[in-house]
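Next comes my_file12.txt, with compact mmCIF, C-alpha atoms (C1' of nucleotides).
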# COMPACT_ATOMS: atom_id res chain seq x y z
CA MET A 1 -2.12 5.46 -0.25
CA LEU A 2 1.06 3.72 0.82
CA GLN A 3 3.68 2.69 -1.70
CA TYR A 4 3.13 -0.91 -2.74
CA ASP A 5 5.61 -3.13 -4.51
CA SER A 6 3.84 -6.07 -6.14
CA SER A 7 7.16 -7.80 -6.83
CA LEU A 8 7.41 -8.39 -3.09
CA ASP A 9 4.18 -10.42 -3.29
CA ALA A 10 5.83 -12.84 -5.70
CA ALA A 11 9.14 -12.96 -3.84
CA PHE A 12 7.65 -13.62 -0.40
CA ALA A 13 5.17 -16.14 -1.83
CA ALA A 14 8.03 -17.93 -3.61
CA LEU A 15 10.02 -18.13 -0.39
CA ALA A 16 7.05 -19.41 1.62
CA ASP A 17 7.54 -22.91 0.23
CA PRO A 18 10.24 -25.07 1.87
CA THR A 19 11.13 -26.80 -1.40
CA ARG A 20 11.73 -23.44 -3.07
CA ARG A 21 13.78 -22.15 -0.12
CA GLU A 22 15.93 -25.28 -0.34
CA VAL A 23 16.42 -24.63 -4.07
CA VAL A 24 17.42 -21.03 -3.40
CA ALA A 25 19.82 -22.13 -0.65
CA ARG A 26 21.49 -24.66 -2.90
CA LEU A 27 21.78 -22.18 -5.76
CA CYS A 28 23.61 -19.77 -3.44
CA ASP A 29 26.44 -22.32 -3.63
CA GLY A 30 26.50 -22.00 -7.42
CA GLU A 31 24.71 -22.76 -10.66
CA LEU A 32 22.84 -26.08 -10.99
CA SER A 33 20.83 -27.81 -13.72
CA VAL A 34 17.12 -28.59 -13.32
CA GLY A 35 17.97 -32.28 -13.08
CA LYS A 36 20.60 -31.77 -10.35
CA LEU A 37 18.19 -29.55 -8.42
CA ALA A 38 15.50 -32.23 -8.67
CA GLU A 39 17.75 -35.13 -7.59
CA PRO A 40 17.39 -34.82 -3.79
CA LEU A 41 13.78 -33.66 -3.94
CA ASP A 42 11.03 -36.19 -3.32
CA MET A 43 8.76 -35.19 -6.19
CA SER A 44 8.45 -35.46 -9.96
CA LEU A 45 10.75 -33.52 -12.29
CA SER A 46 7.66 -31.75 -13.57
CA ALA A 47 6.84 -30.48 -10.09
CA VAL A 48 10.39 -29.18 -9.67
CA GLY A 49 10.06 -27.40 -13.00
CA GLN A 50 6.92 -25.69 -11.73
CA HIS A 51 8.72 -24.54 -8.57
CA LEU A 52 11.56 -23.19 -10.70
CA ARG A 53 9.14 -21.27 -12.89
CA ILE A 54 7.64 -19.63 -9.79
CA LEU A 55 11.11 -18.71 -8.52
CA GLU A 56 12.07 -17.32 -11.91
CA GLN A 57 8.85 -15.29 -12.26
CA SER A 58 9.51 -13.83 -8.82
CA GLY A 59 12.94 -12.73 -10.02
CA LEU A 60 14.77 -14.65 -7.30
CA ILE A 61 16.47 -16.92 -9.81
CA VAL A 62 17.46 -16.66 -13.45
CA SER A 63 18.04 -19.52 -15.85
CA GLU A 64 19.63 -20.14 -19.18
CA LYS A 65 19.39 -23.11 -21.50
CA ARG A 66 22.63 -24.54 -22.84
CA GLY A 67 22.00 -27.42 -25.18
CA ARG A 68 19.22 -29.53 -23.68
CA THR A 69 20.13 -28.55 -20.13
CA ARG A 70 18.76 -25.54 -18.24
CA PHE A 71 21.06 -24.00 -15.63
CA CYS A 72 19.72 -21.91 -12.77
CA ARG A 73 21.34 -19.40 -10.44
CA VAL A 74 20.14 -16.97 -7.79
CA ASP A 75 19.84 -13.25 -8.37
CA HIS A 76 21.42 -11.94 -5.17
CA GLN A 77 20.04 -8.45 -5.84
CA ALA A 78 16.51 -9.86 -5.73
CA LEU A 79 17.32 -11.55 -2.41
CA SER A 80 18.72 -8.23 -1.25
CA ALA A 81 15.54 -6.34 -2.19
CA VAL A 82 13.41 -8.59 0.00
CA GLU A 83 15.97 -8.40 2.81
CA SER A 84 15.89 -4.60 2.57
CA TRP A 85 12.14 -4.38 2.98
CA LEU A 86 12.43 -6.34 6.22
CA GLY A 87 15.50 -4.43 7.38
CA GLU A 88 13.91 -1.02 6.93
CA ARG A 89 10.83 -1.99 8.93
CA ARG A 90 12.81 -3.78 11.61
CA ARG A 91 15.12 -0.81 12.14
CA HIS A 92 12.14 1.54 12.31
CA ALA A 93 10.48 -0.65 14.96
CA GLU A 94 13.69 -0.97 16.95
CA GLN A 95 14.39 2.76 16.91
CA ARG A 96 10.89 3.46 18.13
CA LEU A 97 11.41 0.97 20.95
CA ASP A 98 14.77 2.53 21.88
CA ARG A 99 13.29 6.02 22.06
CA LEU A 100 10.42 4.73 24.19
CA GLN A 101 12.86 2.95 26.48
CA SER A 102 15.09 5.99 27.05
CA PHE A 103 11.98 8.12 27.62
CA VAL A 104 10.82 5.72 30.35
CA GLU A 105 14.33 5.69 31.86
CA ARG A 106 14.54 9.51 31.99
CA ARG A 107 11.26 9.88 33.86
CA GLY A 108 11.72 6.65 35.84
CA ASN A 109 14.82 7.78 37.78
CA SER A 110 12.73 9.88 40.24
CA ASP A 111 10.26 7.31 41.56
CA ASP A 112 9.80 3.47 41.70
CA MET B 1 18.69 -33.74 4.93
CA LEU B 2 19.08 -29.99 5.17
CA GLN B 3 18.00 -28.07 8.24
CA TYR B 4 14.42 -26.85 7.78
CA ASP B 5 12.69 -24.20 9.84
CA SER B 6 8.92 -24.52 9.43
CA SER B 7 8.40 -21.16 11.17
CA LEU B 8 9.86 -19.55 8.05
CA ASP B 9 7.01 -21.08 6.02
CA ALA B 10 4.49 -19.17 8.11
CA ALA B 11 6.48 -15.94 8.20
CA PHE B 12 7.14 -15.77 4.45
CA ALA B 13 3.55 -16.79 3.66
CA ALA B 14 2.26 -14.11 6.03
CA LEU B 15 4.40 -11.47 4.32
CA ALA B 16 3.33 -12.57 0.82
CA ASP B 17 0.03 -10.71 1.20
CA PRO B 18 0.10 -6.93 0.57
CA THR B 19 -2.58 -6.25 3.18
CA ARG B 20 -0.54 -8.06 5.81
CA ARG B 21 2.68 -6.26 4.79
CA GLU B 22 0.85 -2.96 5.12
CA VAL B 23 -0.32 -3.99 8.60
CA VAL B 24 3.24 -4.93 9.60
CA ALA B 25 4.58 -1.65 8.20
CA ARG B 26 2.04 0.40 10.14
CA LEU B 27 2.69 -1.52 13.35
CA CYS B 28 6.39 -0.70 13.04
CA ASP B 29 5.27 2.86 13.85
CA GLY B 30 3.68 1.65 17.06
CA GLU B 31 0.85 -0.29 18.65
CA LEU B 32 -2.61 -0.13 17.02
CA SER B 33 -6.04 -1.59 17.77
CA VAL B 34 -7.78 -4.00 15.39
CA GLY B 35 -10.29 -1.28 14.54
CA LYS B 36 -7.60 1.32 13.75
CA LEU B 37 -5.74 -1.22 11.62
CA ALA B 38 -8.94 -2.00 9.72
CA GLU B 39 -9.92 1.65 9.10
CA PRO B 40 -7.92 2.32 5.89
CA LEU B 41 -8.35 -1.23 4.58
CA ASP B 42 -11.02 -1.88 1.97
CA MET B 43 -12.46 -5.07 3.49
CA SER B 44 -14.64 -6.24 6.36
CA LEU B 45 -13.43 -6.13 9.96
CA SER B 46 -13.76 -9.89 10.00
CA ALA B 47 -11.32 -10.21 7.10
CA VAL B 48 -8.83 -7.97 8.91
CA GLY B 49 -9.17 -10.15 11.99
CA GLN B 50 -8.30 -13.18 9.88
CA HIS B 51 -5.19 -11.45 8.51
CA LEU B 52 -4.16 -10.54 12.06
CA ARG B 53 -4.58 -14.12 13.23
CA ILE B 54 -2.29 -15.29 10.41
CA LEU B 55 0.31 -12.65 11.35
CA GLU B 56 0.10 -13.62 15.00
CA GLN B 57 0.37 -17.36 14.29
CA SER B 58 3.47 -16.64 12.22
CA GLY B 59 4.97 -14.84 15.21
CA LEU B 60 5.43 -11.57 13.33
CA ILE B 61 2.99 -9.72 15.57
CA VAL B 62 1.75 -10.13 19.12
CA SER B 63 -1.50 -8.85 20.54
CA GLU B 64 -3.08 -8.23 23.89
CA LYS B 65 -6.68 -7.50 24.79
CA ARG B 66 -7.31 -4.54 27.09
CA GLY B 67 -11.00 -4.16 27.84
CA ARG B 68 -12.90 -4.84 24.64
CA THR B 69 -10.04 -3.60 22.46
CA ARG B 70 -7.20 -5.76 21.12
CA PHE B 71 -3.89 -3.99 20.56
CA CYS B 72 -1.29 -5.35 18.16
CA ARG B 73 2.43 -4.73 17.77
CA VAL B 74 5.25 -6.21 15.70
CA ASP B 75 7.82 -8.59 17.12
CA HIS B 76 11.00 -7.10 15.66
CA GLN B 77 12.95 -10.26 16.53
CA ALA B 78 10.62 -12.30 14.30
CA LEU B 79 11.22 -9.78 11.49
CA SER B 80 14.92 -10.11 12.19
CA ALA B 81 14.82 -13.92 11.94
CA VAL B 82 13.37 -13.76 8.43
CA GLU B 83 15.82 -11.03 7.46
CA SER B 84 18.69 -13.19 8.71
CA TRP B 85 17.72 -16.18 6.58
CA LEU B 86 17.87 -13.94 3.51
CA GLY B 87 21.06 -12.19 4.62
CA GLU B 88 22.97 -15.41 5.18
CA ARG B 89 22.11 -16.75 1.73
CA ARG B 90 22.71 -13.44 0.00
CA ARG B 91 26.15 -13.04 1.58
CA HIS B 92 27.04 -16.61 0.65
CA ALA B 93 26.03 -16.00 -2.98
CA GLU B 94 27.89 -12.67 -3.13
CA GLN B 95 31.09 -14.12 -1.65
CA ARG B 96 31.02 -16.92 -4.19
CA LEU B 97 30.61 -14.37 -6.96
CA ASP B 98 33.47 -12.23 -5.61
CA ARG B 99 35.82 -15.21 -5.48
CA LEU B 100 34.85 -16.16 -9.03
CA GLN B 101 35.39 -12.60 -10.21
CA SER B 102 38.87 -12.23 -8.68
CA PHE B 103 39.80 -15.65 -10.09
CA VAL B 104 38.83 -14.49 -13.58
CA GLU B 105 40.71 -11.21 -13.07
CA ARG B 106 43.90 -13.00 -11.98
CA ARG B 107 44.03 -15.18 -15.05
CA GLY B 108 42.58 -12.54 -17.33
CA ASN B 109 45.48 -10.04 -17.00
CA SER B 110 47.65 -11.96 -19.54
CA ASP B 111 45.31 -12.09 -22.56
CA ASP B 112 42.18 -10.30 -23.93
C1' DC C 1 18.94 -42.29 -38.57
C1' DC C 2 17.88 -44.01 -33.87
C1' DT C 3 17.74 -43.86 -29.09
C1' DA C 4 18.49 -41.83 -24.62
C1' DT C 5 18.48 -37.66 -22.03
C1' DA C 6 16.70 -33.36 -20.23
C1' DC C 7 13.36 -31.01 -19.76
C1' DT C 8 8.37 -28.79 -20.87
C1' DG C 9 3.34 -28.43 -21.11
C1' DA C 10 -1.53 -29.75 -20.36
C1' DA C 11 -5.04 -31.74 -17.65
C1' DG C 12 -6.76 -33.41 -13.40
C1' DT C 13 -7.24 -33.47 -8.34
C1' DA C 14 -6.98 -32.37 -3.42
C1' DC C 15 -6.46 -28.90 -0.39
C1' DA C 16 -5.41 -23.99 1.06
C1' DT C 17 -6.42 -18.91 0.86
C1' DG C 18 -8.93 -14.56 0.92
C1' DC C 19 -12.67 -12.89 1.11
C1' DT C 20 -18.02 -12.44 2.26
C1' DT C 21 -22.20 -12.29 5.50
C1' DC C 22 -24.47 -13.04 9.56
C1' DA C 23 -24.74 -14.21 14.20
C1' DG C 24 -22.57 -14.12 18.75
C1' DT C 25 -19.80 -12.50 22.95
C1' DA C 26 -17.67 -9.25 26.00
C1' DT C 27 -17.04 -4.66 27.64
C1' DG C 28 -17.97 0.44 28.24
C1' DA C 29 -21.22 4.20 28.67
C1' DT C 30 -25.80 6.10 30.25
C1' DA D 1 -30.78 -2.70 32.75
C1' DT D 2 -30.05 -1.05 27.96
C1' DC D 3 -27.61 0.05 24.17
C1' DA D 4 -23.52 0.80 21.41
C1' DT D 5 -18.81 -0.64 20.56
C1' DA D 6 -15.14 -3.81 19.43
C1' DC D 7 -14.21 -7.56 18.10
C1' DT D 8 -14.77 -13.04 17.20
C1' DG D 9 -16.36 -17.31 15.00
C1' DA D 10 -18.72 -20.25 11.62
C1' DA D 11 -20.23 -21.20 7.07
C1' DG D 12 -19.96 -20.53 2.24
C1' DC D 13 -17.78 -19.50 -2.09
C1' DA D 14 -14.42 -18.31 -5.78
C1' DT D 15 -9.82 -18.72 -6.83
C1' DG D 16 -5.05 -20.25 -6.25
C1' DT D 17 -1.41 -23.77 -5.04
C1' DA D 18 1.12 -28.10 -5.10
C1' DC D 19 1.32 -31.81 -6.68
C1' DT D 20 0.30 -36.02 -10.10
C1' DT D 21 0.57 -38.49 -14.75
C1' DC D 22 1.17 -38.71 -19.41
C1' DA D 23 2.42 -36.92 -23.68
C1' DG D 24 5.52 -33.95 -26.30
C1' DT D 25 9.85 -31.36 -27.90
C1' DA D 26 14.70 -30.65 -28.44
C1' DT D 27 19.42 -31.95 -28.21
C1' DA D 28 23.51 -35.29 -27.59
C1' DG D 29 25.75 -39.47 -28.73
C1' DG D 30 26.50 -43.85 -31.32
structure tokens encoding of this file:
Amino acid sequence: MLQYDSSLDAAFAALADPTRREVVARLCDGELSVGKLAEPLDMSLSAVGQHLRILEQSGLIVSEKRGRTRFCRVDHQALSAVESWLGERRRHAEQRLDRLQSFVERRGNSDD
Amino acid sequence: MLQYDSSLDAAFAALADPTRREVVARLCDGELSVGKLAEPLDMSLSAVGQHLRILEQSGLIVSEKRGRTRFCRVDHQALSAVESWLGERRRHAEQRLDRLQSFVERRGNSDD
DNA sequence: CCTATACTGAAGTACATGCTTCAGTATGAT
DNA sequence: ATCATACTGAAGCATGTACTTCAGTATAGG
């Protein structure tokens, strides 16, 4: 059985929604309240709250309540974990392709 | 309005499923037929075909039919595009954090 | 205390997803 | 021509997702 990281399920699923990617992108610029995050979004505050819960459960963001306001920020290590999964596979695929290419070149220099 | 790449929707959604991530991971090792991909998976061939269609529509894999067999491989550039989205945000968030940290250090060396 | 602000939760609804089974098509082997 | 192989497509079904509205809680300010 292959290793399987269920936290990647949640992270990729969270990032599959354009609203949530926009939230993540904006939080990379710094901490924002739920209200400020909701302002430019064309949906109810309740819907934004649901998106934020999904992002928080995935580990991509963390939040903290100060007074009656909840502030959110990204966890860049969580972003990094997802990025790493992709990077490892991509490099593996590219290396395989490079080896194949140089193999073809070595035997190709005699004919064609 | 922020820039919005709808192809990321499909790519992230495709990668949110563990079966599809396993398929991508195995294809990074080289081309495989639909049947070979299905072999270790605990579901019908039809279900595997549906996963492969989703991966292909997202651009993460490409396939080609030779005779009655369809062979699939990853598109490492598509993997790279998703990786880049994450990398750009992560770097942005980290830089912001670094600047904040050195700011705190500069004013922190007088007291505490 | 009273009111506004900033969420937070529950219920409902429309649509999407991840399977299943069964039937069908196209190709390779005899 | 016949039969097995390798998918491929359609229909059905259970569950999950992305909202909505409305009601509720908790804190800040006057």
Set the cut-off to 12 Å and count only C-alpha atoms (C1' of nucleotides): what are the residues of chain A that reach chain C? Output as a list of chain:residue names.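 Written out as asked, the residues are A:Ser33, A:Val34, A:Gly35, A:Lys36, A:Ala38, A:Ser44, A:Leu45, A:Ser46, A:Ala47, A:Val48, A:Gly49, A:Gln50, A:Arg53, A:Lys65, A:Arg66, A:Gly67, A:Arg68, A:Thr69, A:Arg70, A:Phe71.
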Using C-alpha atoms, can you write the selected residues to a file as a PDB file, in the frame of the given file?
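New file selection-v2.pdb:
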ATOM      1  CA  SER A  33      20.830 -27.810 -13.720  1.00  0.00           C
ATOM      2  CA  VAL A  34      17.120 -28.590 -13.320  1.00  0.00           C
ATOM      3  CA  GLY A  35      17.970 -32.280 -13.080  1.00  0.00           C
ATOM      4  CA  LYS A  36      20.600 -31.770 -10.350  1.00  0.00           C
ATOM      5  CA  ALA A  38      15.500 -32.230  -8.670  1.00  0.00           C
ATOM      6  CA  SER A  44       8.450 -35.460  -9.960  1.00  0.00           C
ATOM      7  CA  LEU A  45      10.750 -33.520 -12.290  1.00  0.00           C
ATOM      8  CA  SER A  46       7.660 -31.750 -13.570  1.00  0.00           C
ATOM      9  CA  ALA A  47       6.840 -30.480 -10.090  1.00  0.00           C
ATOM     10  CA  VAL A  48      10.390 -29.180  -9.670  1.00  0.00           C
ATOM     11  CA  GLY A  49      10.060 -27.400 -13.000  1.00  0.00           C
ATOM     12  CA  GLN A  50       6.920 -25.690 -11.730  1.00  0.00           C
ATOM     13  CA  ARG A  53       9.140 -21.270 -12.890  1.00  0.00           C
ATOM     14  CA  LYS A  65      19.390 -23.110 -21.500  1.00  0.00           C
ATOM     15  CA  ARG A  66      22.630 -24.540 -22.840  1.00  0.00           C
ATOM     16  CA  GLY A  67      22.000 -27.420 -25.180  1.00  0.00           C
ATOM     17  CA  ARG A  68      19.220 -29.530 -23.680  1.00  0.00           C
ATOM     18  CA  THR A  69      20.130 -28.550 -20.130  1.00  0.00           C
ATOM     19  CA  ARG A  70      18.760 -25.540 -18.240  1.00  0.00           C
ATOM     20  CA  PHE A  71      21.060 -24.000 -15.630  1.00  0.00           C
TER      21      PHE A  71
END
For a quick check of understanding, using only C-alpha atoms, which of B:Asp5, B:Leu60, B:Met43, B:Ala11 has the smallest distance to Val24 (chain B)?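 Nearest candidate to Val24 (chain B) out of B:Asp5, B:Leu60, B:Met43, B:Ala11: B:Leu60.
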10 Å contact set for Arg73 (chain A), all atoms listed in the file, chain neighbours under 3 positions out, as a list in words: Val23, Val24, Arg26, Leu27, Cys28, Asp29, Gly30, Glu31, Leu32, Ser33, Glu56, Leu60, Ile61, Val62, Ser63, Glu64 and His76 of chain A; Ala93 of chain B
What are the nearest atom pairs, with distances in Å to one decimal, for all residues of chain D that come at most 12 Å from chain A, using all atoms listed in the file, set out by chain and rising residue number as JSON lines?
{"residue": "D:DG16", "atom": "C1'", "partner": "A:Ala13", "partner_atom": "CA", "distance": 11.9}
{"residue": "D:DT17", "atom": "C1'", "partner": "A:Asp17", "partner_atom": "CA", "distance": 10.4}
{"residue": "D:DA18", "atom": "C1'", "partner": "A:Ala47", "partner_atom": "CA", "distance": 8.0}
{"residue": "D:DC19", "atom": "C1'", "partner": "A:Ala47", "partner_atom": "CA", "distance": 6.6}
{"residue": "D:DT20", "atom": "C1'", "partner": "A:Ser44", "partner_atom": "CA", "distance": 8.2}
{"residue": "D:DT21", "atom": "C1'", "partner": "A:Ser44", "partner_atom": "CA", "distance": 9.7}
{"residue": "D:DC22", "atom": "C1'", "partner": "A:Ser46", "partner_atom": "CA", "distance": 11.2}
{"residue": "D:DT25", "atom": "C1'", "partner": "A:Arg68", "partner_atom": "CA", "distance": 10.4}
{"residue": "D:DA26", "atom": "C1'", "partner": "A:Arg68", "partner_atom": "CA", "distance": 6.7}
{"residue": "D:DT27", "atom": "C1'", "partner": "A:Arg68", "partner_atom": "CA", "distance": 5.1}
{"residue": "D:DA28", "atom": "C1'", "partner": "A:Arg68", "partner_atom": "CA", "distance": 8.2}
Let me make sure I understand: among B:Cys72, B:Glu39, B:Gln57, B:Val82, which one has the smallest atom-to-atom distance to chain A if we use only C-alpha atoms? B:Val82
Residues of chain B that approach chain A to 6 Å or less, counting only C-alpha atoms: could you list each one with the shortest pair of atoms and its distance in Å to one decimal, rows by chain and increasing residue number, as JSON lines?
{"residue": "B:Asp9", "atom": "CA", "partner": "A:Ala16", "partner_atom": "CA", "distance": 4.7}
{"residue": "B:Phe12", "atom": "CA", "partner": "A:Ala16", "partner_atom": "CA", "distance": 4.6}
{"residue": "B:Ala13", "atom": "CA", "partner": "A:Ala16", "partner_atom": "CA", "distance": 4.8}
{"residue": "B:Ala16", "atom": "CA", "partner": "A:Phe12", "partner_atom": "CA", "distance": 4.6}
{"residue": "B:Cys28", "atom": "CA", "partner": "A:Ala93", "partner_atom": "CA", "distance": 4.5}
{"residue": "B:His76", "atom": "CA", "partner": "A:Arg90", "partner_atom": "CA", "distance": 5.5}
{"residue": "B:Glu83", "atom": "CA", "partner": "A:Glu83", "partner_atom": "CA", "distance": 5.3}
{"residue": "B:Leu86", "atom": "CA", "partner": "A:Glu83", "partner_atom": "CA", "distance": 5.9}
{"residue": "B:Arg90", "atom": "CA", "partner": "A:His76", "partner_atom": "CA", "distance": 5.5}
{"residue": "B:Ala93", "atom": "CA", "partner": "A:Cys28", "partner_atom": "CA", "distance": 4.5}
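The space separating CA of Leu55 (chain B) from CA of Arg20 (chain B) comes to 7.2 Å.
Relative to CA of Leu52 (chain B), CA of Phe103 (chain A) is found at 29.2 Å.
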What's the separation between CA of Leu41 (chain B) and CA of Gly59 (chain A), in Å to one decimal place?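 Distance between the two atoms: 28.3 Å.
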What would region 29-38 of chain A look like with all heavy atoms in place, written as a compact mmCIF listing (two decimals), in the frame of the given file?
# COMPACT_ATOMS: atom_id res chain seq x y z
N ASP A 29 25.14 -21.65 -3.55
CA ASP A 29 26.44 -22.32 -3.63
C ASP A 29 26.95 -22.38 -5.07
O ASP A 29 28.07 -22.81 -5.31
CB ASP A 29 26.30 -23.76 -3.11
CG ASP A 29 27.08 -23.97 -1.84
OD1 ASP A 29 27.74 -23.03 -1.39
OD2 ASP A 29 27.01 -25.09 -1.29
N GLY A 30 26.09 -22.01 -6.01
CA GLY A 30 26.50 -22.00 -7.42
C GLY A 30 25.44 -22.59 -8.33
O GLY A 30 24.50 -23.25 -7.88
N GLU A 31 25.58 -22.31 -9.58
CA GLU A 31 24.71 -22.76 -10.66
C GLU A 31 24.44 -24.27 -10.62
O GLU A 31 25.34 -25.05 -10.34
CB GLU A 31 25.47 -22.41 -11.95
CG GLU A 31 24.72 -22.63 -13.23
CD GLU A 31 25.55 -22.15 -14.41
OE1 GLU A 31 26.52 -22.85 -14.80
OE2 GLU A 31 25.23 -21.08 -14.95
N LEU A 32 23.19 -24.66 -10.90
CA LEU A 32 22.84 -26.08 -10.99
C LEU A 32 21.81 -26.28 -12.10
O LEU A 32 21.01 -25.39 -12.38
CB LEU A 32 22.25 -26.57 -9.67
CG LEU A 32 23.21 -26.87 -8.51
CD1 LEU A 32 22.44 -27.12 -7.23
CD2 LEU A 32 24.09 -28.08 -8.85
N SER A 33 21.82 -27.47 -12.70
CA SER A 33 20.83 -27.81 -13.72
C SER A 33 19.51 -28.19 -13.04
O SER A 33 19.48 -28.49 -11.83
CB SER A 33 21.32 -28.98 -14.55
OG SER A 33 21.31 -30.16 -13.78
N VAL A 34 18.43 -28.18 -13.82
CA VAL A 34 17.12 -28.59 -13.32
C VAL A 34 17.19 -30.01 -12.77
O VAL A 34 16.68 -30.30 -11.68
CB VAL A 34 16.07 -28.50 -14.45
CG1 VAL A 34 14.72 -29.04 -13.98
CG2 VAL A 34 15.92 -27.05 -14.92
N GLY A 35 17.84 -30.89 -13.49
CA GLY A 35 17.97 -32.28 -13.08
C GLY A 35 18.70 -32.43 -11.75
O GLY A 35 18.25 -33.16 -10.86
N LYS A 36 19.83 -31.72 -11.59
CA LYS A 36 20.60 -31.77 -10.35
C LYS A 36 19.79 -31.21 -9.19
O LYS A 36 19.82 -31.72 -8.07
CB LYS A 36 21.91 -30.98 -10.49
CG LYS A 36 23.00 -31.72 -11.26
CD LYS A 36 23.56 -32.90 -10.46
CE LYS A 36 24.49 -33.77 -11.31
NZ LYS A 36 24.69 -35.12 -10.73
N LEU A 37 19.03 -30.14 -9.46
CA LEU A 37 18.19 -29.55 -8.42
C LEU A 37 17.12 -30.54 -7.98
O LEU A 37 16.79 -30.64 -6.80
CB LEU A 37 17.53 -28.27 -8.93
CG LEU A 37 18.41 -27.02 -8.93
CD1 LEU A 37 17.77 -25.89 -9.71
CD2 LEU A 37 18.72 -26.57 -7.50
N ALA A 38 16.60 -31.30 -8.95
CA ALA A 38 15.50 -32.23 -8.67
C ALA A 38 15.96 -33.47 -7.91
O ALA A 38 15.19 -34.03 -7.12
CB ALA A 38 14.83 -32.64 -9.97
